[in-house]
Structures are given as C-alpha cells and as structure tokens.
file model-v1.cif (mmCIF, C-alpha atoms and all ligand atoms)
data_work
#
loop_
_atom_site.label_atom_id
_atom_site.label_comp_id
_atom_site.auth_asym_id
_atom_site.auth_seq_id
_atom_site.Cartn_x
_atom_site.Cartn_y
_atom_site.Cartn_z
CA MET A 151 102.13 83.87 95.28
CA PRO A 152 103.35 85.81 92.20
CA GLU A 153 105.42 88.92 92.77
CA ALA A 154 103.62 92.26 92.91
CA ASN A 155 103.25 94.39 89.80
CA ILE A 156 105.53 97.38 89.90
CA ILE A 157 103.71 100.62 89.18
CA ASP A 158 105.83 102.63 86.77
CA GLY A 159 105.30 106.20 87.95
CA ARG A 160 107.73 107.50 85.33
CA ALA A 161 105.70 106.05 82.46
CA VAL A 162 102.37 107.33 83.83
CA ALA A 163 103.89 110.75 84.50
CA ARG A 164 105.21 110.83 80.92
CA GLN A 165 101.64 110.31 79.67
CA VAL A 166 100.32 113.16 81.84
CA ARG A 167 103.15 115.45 80.74
CA ALA A 168 102.49 114.69 77.07
CA GLU A 169 98.83 115.58 77.60
CA VAL A 170 99.82 118.86 79.24
CA ARG A 171 102.22 119.58 76.37
CA ALA A 172 99.45 118.98 73.81
CA ALA A 173 97.07 121.28 75.71
CA VAL A 174 99.75 123.99 75.97
CA ASP A 175 100.41 123.72 72.22
CA ALA A 176 96.67 124.10 71.58
CA LEU A 177 96.59 127.24 73.78
CA THR A 178 99.51 128.87 72.01
CA ALA A 179 98.17 127.86 68.57
CA ASN A 180 95.09 129.79 69.64
CA GLY A 181 97.15 132.93 70.16
CA GLN A 182 97.49 132.73 73.95
CA ARG A 183 100.82 133.10 75.69
CA PRO A 184 102.25 129.91 77.23
CA PRO A 185 101.43 129.23 80.90
CA SER A 186 104.08 130.43 83.34
CA LEU A 187 105.33 129.16 86.67
CA ALA A 188 107.47 131.07 89.17
CA VAL A 189 109.40 128.93 91.63
CA VAL A 190 110.68 130.66 94.76
CA LEU A 191 113.76 129.02 96.24
CA VAL A 192 115.33 130.23 99.49
CA GLY A 193 118.76 129.00 100.59
CA ASP A 194 120.85 126.20 99.14
CA ASN A 195 119.41 122.97 100.54
CA PRO A 196 120.76 120.40 98.01
CA ALA A 197 117.51 118.36 97.92
CA SER A 198 115.47 121.53 97.29
CA LEU A 199 117.88 122.64 94.55
CA SER A 200 117.51 119.31 92.82
CA TYR A 201 113.68 119.30 93.13
CA VAL A 202 113.47 122.83 91.74
CA ARG A 203 115.73 122.01 88.82
CA GLY A 204 113.52 119.00 88.03
CA LYS A 205 110.33 121.07 88.22
CA VAL A 206 111.64 123.86 85.99
CA ARG A 207 113.05 121.39 83.44
CA ALA A 208 109.76 119.48 83.29
CA SER A 209 107.84 122.76 82.90
CA GLU A 210 109.94 123.79 79.96
CA GLU A 211 109.56 120.39 78.30
CA ALA A 212 105.79 120.83 78.60
CA GLY A 213 105.96 124.28 76.98
CA ILE A 214 105.40 126.09 80.30
CA LYS A 215 107.62 129.11 80.99
CA GLY A 216 109.45 128.31 84.21
CA ALA A 217 111.45 130.86 86.21
CA THR A 218 113.36 130.29 89.42
CA LEU A 219 113.66 133.20 91.85
CA ARG A 220 116.55 132.42 94.18
CA PHE A 221 117.20 134.14 97.50
CA GLY A 222 119.83 133.70 100.18
CA ALA A 223 118.94 131.79 103.35
CA ASP A 224 119.19 135.09 105.27
CA ILE A 225 116.38 136.86 103.40
CA ALA A 226 114.02 138.62 105.83
CA GLU A 227 110.43 137.40 106.06
CA ASP A 228 109.08 140.82 105.05
CA ALA A 229 111.28 140.86 101.95
CA LEU A 230 109.96 137.44 100.96
CA LEU A 231 106.38 138.60 101.53
CA ALA A 232 107.09 141.52 99.19
CA VAL A 233 108.31 139.06 96.53
CA ILE A 234 105.03 137.12 96.83
CA ASP A 235 103.01 140.35 96.57
CA ARG A 236 104.86 141.21 93.37
CA LEU A 237 104.27 137.77 91.85
CA ASN A 238 100.60 137.83 92.88
CA ALA A 239 100.16 141.14 91.06
CA ASP A 240 102.13 140.14 87.95
CA PRO A 241 99.67 139.25 85.16
CA SER A 242 102.36 137.30 83.31
CA VAL A 243 102.65 134.77 86.19
CA ASP A 244 100.03 131.99 86.36
CA GLY A 245 101.42 129.75 89.08
CA ILE A 246 103.65 130.35 92.10
CA LEU A 247 105.43 127.62 93.99
CA ILE A 248 107.31 128.21 97.24
CA GLN A 249 109.85 125.42 97.61
CA LEU A 250 109.73 124.06 101.16
CA PRO A 251 111.29 123.86 103.66
CA LEU A 252 111.99 127.53 104.32
CA PRO A 253 114.73 128.59 106.76
CA ALA A 254 113.71 128.42 110.44
CA HIS A 255 113.49 132.22 110.89
CA ILE A 256 110.74 132.42 108.27
CA ASN A 257 107.17 131.52 109.19
CA ALA A 258 106.17 129.22 106.31
CA GLY A 259 102.48 129.48 107.23
CA ARG A 260 102.61 133.26 106.86
CA ILE A 261 104.35 133.02 103.49
CA LEU A 262 101.91 130.45 102.10
CA ALA A 263 98.96 132.48 103.38
CA ARG A 264 100.19 135.46 101.34
CA LEU A 265 99.90 133.57 98.02
CA SER A 266 96.95 134.33 95.83
CA PRO A 267 94.86 131.11 96.09
CA ASP A 268 94.34 131.28 92.32
CA LYS A 269 98.10 131.07 91.71
CA ASP A 270 98.72 128.48 94.46
CA VAL A 271 99.52 125.58 92.11
CA ASP A 272 100.94 123.55 95.02
CA GLY A 273 97.53 123.67 96.74
CA LEU A 274 98.94 124.64 100.14
CA HIS A 275 97.02 127.87 100.82
CA VAL A 276 94.35 127.40 103.51
CA THR A 277 91.69 128.48 101.01
CA ASN A 278 92.60 125.56 98.76
CA ALA A 279 92.87 123.19 101.75
CA GLY A 280 89.38 124.35 102.78
CA ARG A 281 88.01 123.91 99.26
CA LEU A 282 89.29 120.33 99.23
CA ALA A 283 87.77 119.62 102.65
CA ALA A 284 84.45 121.14 101.52
CA GLY A 285 84.41 119.20 98.23
CA GLN A 286 84.80 122.38 96.17
CA VAL A 287 86.98 122.95 93.13
CA GLY A 288 90.44 124.28 93.97
CA PHE A 289 94.11 123.43 93.63
CA VAL A 290 94.96 120.09 95.22
CA PRO A 291 98.51 119.44 96.51
CA CYS A 292 100.52 117.75 93.77
CA THR A 293 101.68 114.60 95.57
CA PRO A 294 98.22 113.45 96.75
CA ALA A 295 96.71 114.41 93.38
CA GLY A 296 99.46 112.39 91.67
CA ILE A 297 98.78 109.34 93.83
CA VAL A 298 95.09 109.30 92.95
CA GLU A 299 95.92 109.80 89.26
CA LEU A 300 98.42 106.93 89.46
CA LEU A 301 95.80 104.61 90.98
CA ARG A 302 93.25 105.65 88.37
CA ARG A 303 95.55 105.23 85.37
CA THR A 304 96.88 101.91 86.68
CA GLY A 305 93.32 100.62 86.92
CA ILE A 306 93.42 100.04 90.68
CA PRO A 307 89.84 100.27 91.94
CA THR A 308 89.15 102.64 94.83
CA SER A 309 85.36 102.72 95.16
CA GLY A 310 84.28 101.07 98.39
CA ARG A 311 87.86 99.84 98.99
CA ARG A 312 89.61 100.22 102.33
CA ALA A 313 92.46 102.72 102.12
CA VAL A 314 94.90 103.27 104.96
CA VAL A 315 97.04 106.41 104.82
CA VAL A 316 100.03 106.42 107.18
CA GLY A 317 101.01 110.05 107.81
CA ARG A 318 98.86 113.10 108.55
CA SER A 319 100.86 116.01 107.15
CA ASN A 320 99.18 118.96 105.43
CA LEU A 321 101.37 118.25 102.39
CA VAL A 322 100.54 114.58 101.84
CA GLY A 323 98.60 112.48 104.37
CA LYS A 324 95.69 114.78 105.21
CA PRO A 325 94.83 115.98 101.67
CA LEU A 326 95.31 112.45 100.32
CA ALA A 327 92.81 111.06 102.82
CA LEU A 328 90.30 113.73 101.73
CA LEU A 329 90.87 112.97 98.06
CA LEU A 330 90.54 109.21 98.52
CA MET A 331 87.22 109.60 100.30
CA SER A 332 85.88 112.25 97.90
CA LYS A 333 82.91 111.54 95.64
CA GLY A 334 84.08 109.72 92.54
CA THR A 335 87.03 108.07 94.31
CA ASP A 336 84.89 106.74 97.14
CA ALA A 337 87.38 104.81 99.27
CA THR A 338 86.78 104.14 102.96
CA VAL A 339 89.73 105.84 104.58
CA THR A 340 91.66 105.38 107.82
CA ILE A 341 94.46 107.78 108.75
CA CYS A 342 97.34 106.58 110.93
CA HIS A 343 100.19 108.56 112.46
CA SER A 344 103.01 108.47 114.98
CA ARG A 345 100.61 107.93 117.90
CA THR A 346 98.58 105.17 116.24
CA ARG A 347 98.49 101.98 118.29
CA ASP A 348 99.07 98.65 116.60
CA LEU A 349 99.70 100.03 113.11
CA PRO A 350 100.24 96.56 111.54
CA CYS A 351 96.76 95.46 112.63
CA ILE A 352 95.22 98.46 110.83
CA SER A 353 97.48 98.49 107.78
CA ARG A 354 96.86 94.77 107.17
CA ARG A 355 93.22 95.54 106.46
CA ALA A 356 94.05 97.94 103.64
CA ASP A 357 93.26 97.27 100.00
CA ILE A 358 95.29 100.42 99.34
CA LEU A 359 98.11 101.20 101.75
CA VAL A 360 99.90 104.54 101.47
CA ALA A 361 103.09 105.23 103.42
CA ALA A 362 103.87 108.95 103.79
CA ILE A 363 106.07 108.85 106.86
CA GLY A 364 109.70 109.64 106.13
CA ARG A 365 111.18 106.55 107.86
CA PRO A 366 113.12 104.11 105.69
CA ASN A 367 111.63 100.59 105.50
CA LEU A 368 109.06 101.21 108.25
CA VAL A 369 106.43 99.26 106.31
CA THR A 370 107.35 95.58 106.39
CA SER A 371 105.67 92.59 104.74
CA ASP A 372 103.68 91.63 107.86
CA MET A 373 101.89 95.02 107.61
CA ILE A 374 100.56 94.38 104.10
CA ARG A 375 97.42 92.53 103.12
CA PRO A 376 98.11 89.98 100.36
CA GLY A 377 97.22 91.51 97.00
CA ALA A 378 97.05 95.11 98.31
CA ALA A 379 98.23 98.15 96.36
CA VAL A 380 101.13 99.70 98.26
CA ILE A 381 102.00 103.31 97.49
CA ASP A 382 105.34 104.47 98.87
CA VAL A 383 105.57 108.26 99.20
CA GLY A 384 108.69 108.36 101.36
CA ILE A 385 111.94 109.77 100.04
CA ASN A 386 114.73 108.99 102.48
CA ARG A 387 118.45 109.46 102.03
CA VAL A 388 120.32 106.45 103.38
CA ALA A 389 124.12 106.50 103.65
CA ASP A 390 125.71 104.29 101.00
CA PRO A 391 129.47 104.65 100.55
CA SER A 392 129.33 102.56 97.36
CA ARG A 393 127.45 105.39 95.59
CA LYS A 394 129.20 108.39 94.10
CA ARG A 395 127.05 110.77 96.16
CA GLY A 396 127.54 108.72 99.33
CA TYR A 397 123.83 108.00 99.73
CA ARG A 398 120.91 106.33 98.01
CA LEU A 399 117.22 107.12 98.03
CA THR A 400 114.82 104.72 99.63
CA GLY A 401 111.14 104.79 100.48
CA ASP A 402 109.16 104.06 103.63
CA VAL A 403 108.35 100.54 102.43
CA ASP A 404 110.67 97.54 102.48
CA PHE A 405 110.31 97.15 98.71
CA GLY A 406 111.79 93.65 98.33
CA ALA A 407 109.60 92.24 101.09
CA ALA A 408 106.49 94.11 99.89
CA ARG A 409 106.87 92.62 96.42
CA GLN A 410 106.36 89.14 97.87
CA VAL A 411 102.97 90.05 99.39
CA ALA A 412 101.40 93.04 97.63
CA GLY A 413 99.49 93.06 94.35
CA TRP A 414 100.99 96.36 93.24
CA VAL A 415 103.82 98.44 94.63
CA THR A 416 105.45 101.74 93.69
CA PRO A 417 109.26 101.94 93.60
CA VAL A 418 111.40 104.74 95.06
CA PRO A 419 112.64 106.45 93.01
CA GLY A 420 110.34 106.20 89.97
CA GLY A 421 106.94 105.89 91.66
CA VAL A 422 105.14 108.81 93.27
CA GLY A 423 107.92 111.41 92.74
CA PRO A 424 107.49 111.81 88.95
CA MET A 425 103.71 112.09 89.40
CA THR A 426 104.19 115.02 91.80
CA ILE A 427 105.93 116.99 89.06
CA ALA A 428 103.40 115.97 86.40
CA MET A 429 100.53 117.24 88.58
CA LEU A 430 102.34 120.53 89.14
CA LEU A 431 102.34 121.02 85.36
CA LYS A 432 98.66 120.10 85.20
CA ASN A 433 97.83 122.60 87.96
CA THR A 434 99.85 125.33 86.23
CA LEU A 435 97.99 124.72 82.97
CA ARG A 436 94.71 124.98 84.86
CA ALA A 437 95.79 128.22 86.52
CA ALA A 438 96.66 129.67 83.09
CA ARG A 439 93.30 128.63 81.65
CA MET A 440 91.49 130.17 84.61
CA ARG A 441 93.33 133.46 84.16
CA ALA A 442 92.64 133.46 80.42
CA GLU A 443 88.92 132.85 81.03
CA LEU A 444 88.76 135.57 83.67
CA GLY A 445 90.56 137.96 81.34
CA ALA A 446 88.17 137.15 78.48
CA ARG A 447 85.14 137.67 80.74
CA SER A 448 86.39 141.00 82.02
CA GLY A 449 87.21 142.07 78.45
CA ARG A 450 90.98 142.26 79.08
P1 LIG B 1 105.98 114.83 107.73
O1 LIG B 1 107.23 114.63 108.51
O2 LIG B 1 105.33 116.16 107.70
O3 LIG B 1 104.89 113.77 108.21
C1 LIG B 1 105.23 112.45 108.53
C2 LIG B 1 104.01 111.78 109.11
O4 LIG B 1 104.39 110.45 109.47
C3 LIG B 1 103.47 112.45 110.37
O5 LIG B 1 102.11 112.71 110.20
C4 LIG B 1 103.71 111.43 111.49
O6 LIG B 1 102.63 111.39 112.42
C5 LIG B 1 103.82 110.13 110.73
N1 LIG B 1 104.72 109.19 111.40
C6 LIG B 1 105.98 109.40 111.84
N2 LIG B 1 106.48 108.28 112.43
C7 LIG B 1 105.51 107.35 112.35
C8 LIG B 1 105.41 106.02 112.78
N3 LIG B 1 106.43 105.41 113.41
N4 LIG B 1 104.27 105.34 112.53
C9 LIG B 1 103.23 105.94 111.90
N5 LIG B 1 103.28 107.22 111.46
C10 LIG B 1 104.40 107.92 111.69
O7 LIG B 1 106.35 114.34 106.24
P2 LIG B 1 105.61 114.57 104.82
O8 LIG B 1 105.91 115.94 104.34
O9 LIG B 1 104.21 114.10 104.88
O10 LIG B 1 106.46 113.55 103.95
C11 LIG B 1 106.48 112.17 104.23
C12 LIG B 1 107.52 111.50 103.35
O11 LIG B 1 107.14 111.66 102.00
C13 LIG B 1 108.93 112.10 103.46
O12 LIG B 1 109.87 111.06 103.27
C14 LIG B 1 109.00 113.05 102.28
O13 LIG B 1 110.32 113.24 101.82
C15 LIG B 1 108.18 112.29 101.27
N6 LIG B 1 107.56 113.13 100.23
C16 LIG B 1 107.63 112.67 98.97
C17 LIG B 1 107.03 113.39 97.96
C18 LIG B 1 107.08 112.85 96.57
O14 LIG B 1 106.87 113.59 95.63
N7 LIG B 1 107.33 111.57 96.40
C19 LIG B 1 106.37 114.59 98.23
C20 LIG B 1 106.28 115.02 99.55
C21 LIG B 1 106.88 114.27 100.55
#
call {"tool": "encode", "arguments": {"input": "model-v1.cif", "output": "structure tokens"}}
result
Amino acid sequence: MPEANIIDGRAVARQVRAEVRAAVDALTANGQRPPSLAVVLVGDNPASLSYVRGKVRASEEAGIKGATLRFGADIAEDALLAVIDRLNADPSVDGILIQLPLPAHINAGRILARLSPDKDVDGLHVTNAGRLAAGQVGFVPCTPAGIVELLRRTGIPTSGRRAVVVGRSNLVGKPLALLLMSKGTDATVTICHSRTRDLPCISRRADILVAAIGRPNLVTSDMIRPGAAVIDVGINRVADPSRKRGYRLTGDVDFGAARQVAGWVTPVPGGVGPMTIAMLLKNTLRAARMRAELGARSGR
C-alpha cells in the first residue's frame, strides 16, 4: 500500500491567512479601521507565552491590530473580571481571547462567561457553544473549525462518511463532533473518550479519525482503517535531550506507523496547529464586520 498523503496544515493555513489579509485590506481601503484582537495572558506558562506570541504575530501579518494584556499569576479573579468588562465595553476591540489555562485559583468558567459572546472569537462562551449545538450562527472554537476547513480544502469528503472523534473536551472533541455532523458537513459521528471500551474496534471503522487526547502515540496503526484520513490534534511535549530545548513536540498518533495505513495524515507540528491560528484571524475579521454592520445600522 502506498504511504499516506501528508496534509500540509501550514500551506492551507497560509491560504486562509492570505484571504483574511485581502479582506482586511478591502475593509481599510473602504475607510474602516482594521479589526482588533485583545489577548489576555495570565502568568508565565512557557507554552501559553509561545502560543500568544504566535497568535499576535499572525494577527499583525494579516493586518489585524493585536494587543497582549499580560497579568501576573496572582491576579485576583475579580480584577480579571474587571479587565473583561473593560474590553467588552471598548468599541475599539473586536475580539477577545483569554489564553487558557488560567491559574488554579481563577474559575475559568466564570471568566469565559463574562465575555461578550459577540467578541468571543475563541467560541468558548456558553452562548456560542449553545448556538453551535442548535445549528445557529455563532463563533465556533478555532481548532475544530480549522479541522473542518482543513478537510474541506484538502478535498476529503465528509458527507455520509463515518467520523470518529477521540476526546470530548469543550475545546476540541465536543464542538468538533457537532461541526462534523452539522448540515453541509454531514458526517456520521461517534465520540470516544477515556471510558470508551475497545477503542480500536470503533476507531477502525472510521473514514475520518480525529485524535484529540493529549497522550503521545496513543493511536497506533491497528486502530486505523486502511485509507482513512487521520487528524492528529494532540500537542505533547516529550523529553528529548538531543534537542536544544530538551523536548520535542509530538501528536497523539504514531505518525510513522499511521503513514503505512492511512490515506491522509496530519503531522505534528505543521498540521492542525497552524489552522487554529488561521481560524482565529477569520473569527476576528467576522467580529469586526459584525460590529461595523451593527454600527452602520444604529447610525454610529
Ligand atoms: P482534554 O485533556 O481536555 O481532553 C482530552 C480528552 O481525551 C478527554 O475527553 C478524555 O476523555 C480523552 N482521553 C484521555 N485518555 C484517553 C484514552 N486513553 N482513550 C480515549 N480517550 C482518552 O484535552 P483537549 O483540550 O481536548 O486537548 C487534547 C489535545 O489536543 C492536547 O494534546 C492539546 O494540547 C491538543 N490541542 C491542540 C490544539 C491545536 O491547535 N493543535 C488545540 C487545542 C488542544
């Protein structure tokens, strides 16, 4: 059997980002201000710092004004809520992103619930989660949205296909399952999780297998149906003394083994990750357009 095609998430993300850039240029040529994104970062978790830097850099390359608001890990929950209130009320801010995880003394659910759903470009507010579940228009979390975009732009058919999503988090697994089964995408979806019995038996039936688990190499070749599309969401740090940083990034899928069986597979890094950022830019552009339309309608 030939080796699987590698899905180049970086290349697809570049396309999406160029489209966002062109749309932003059209907005500003029309006399509108550029879209703006405020990223709230609490503490100094190195992975979060690196994600935030990547998001702000990508925003700026797309013509979006990105600002990072940094706070110490000891910020009180009420103080953080006050920051969100201020950003919600600020007409020059289109999108707000709270970088997770937050320190343990802060209730992340309470913070996310305080966001204005119309500025929630990460799609994590319960209103947006509800809109997705109800099939209504809203902001969809960036990683699941990016996965569906990646499938679509790679030409991987979803309609009527069996999709198995491993992982049921609010950030990835659950919204992805909803998106895959939504009208227009039309997959038949099974969700698996840590209590699922005989995972290989279920995953082997998948035309599209998504691993969003957070366990290096959990998905092995015997779990993959020949010819399937395998989407690896996992980002795991594995100790590697030969690297300058002392670790390397790996996904949830045994990539080398998967390549021998699958039809398509995403690498880590360079698969789903870049799409997550591209969809954040797309959501921010949408938030800016929505605000501009609202402003025009209310005569502001
Ligand atoms: P999470 O810890 O919230 O959820 C993990 C899920 O995996 C849970 O639903 C759990 O039931 C399931 N699970 C755990 N062990 C399992 C097992 N042995 N068999 C089957 N299911 C099992 O994590 P998350 O936030 O959904 O993230 C998952 C992974 O994706 C992490 O590695 C994270 O770093 C990565 N991630 C990547 C991106 C990206 O942009 N590429 C974005 C978000 C998350």
call {"tool": "closest_residue", "arguments": {"input": "model-v1.cif", "among": "A:Ala356, A:Val380, A:Ala176, A:Cys292", "to": "ligand LIG 1 (chain B)", "atoms": "only C-alpha atoms and all ligand atoms"}}
result
A:Cys292
call {"tool": "residues_near_ligand", "arguments": {"input": "model-v1.cif", "ligand": "ligand LIG 1 (chain B)", "cutoff": "10 Å", "atoms": "only C-alpha atoms and all ligand atoms", "output": "PyMOL selection string"}}
result
chain A and resi 197+201+250-251+291-294+296-297+315-324+341-350+361-366+368-369+381-387+399-402+418-427
call {"tool": "residues_around", "arguments": {"input": "model-v1.cif", "residues": "A:Leu199", "least_positions_apart": "3", "cutoff": "12 Å", "atoms": "only C-alpha atoms", "output": "NGL selection string"}}
result
:A and (189-196 or 202-206 or 218-221 or 249-251)
call {"tool": "closest_residue", "arguments": {"input": "model-v1.cif", "among": "A:Ile261, A:Val415, A:Ala254, A:Ile358", "to": "A:Leu230", "atoms": "only C-alpha atoms"}}
result
A:Ile261
call {"tool": "closest_residue", "arguments": {"input": "model-v1.cif", "among": "A:Leu326, A:Leu262, A:Leu231, A:Leu301", "to": "A:Leu274", "atoms": "all atoms listed in the file"}}
result
A:Leu262
call {"tool": "atom_distance", "arguments": {"input": "model-v1.cif", "atom1": "atom CA of A:Asp336", "atom2": "atom CA of A:Gly310"}}
result
5.8 Å
call {"tool": "atom_distance", "arguments": {"input": "model-v1.cif", "atom1": "atom CA of A:Asn180", "atom2": "atom CA of A:Glu443"}}
result
13.3 Å
call {"tool": "atom_distance", "arguments": {"input": "model-v1.cif", "atom1": "atom CA of A:Gly245", "atom2": "atom CA of A:Thr335"}}
result
26.5 Å
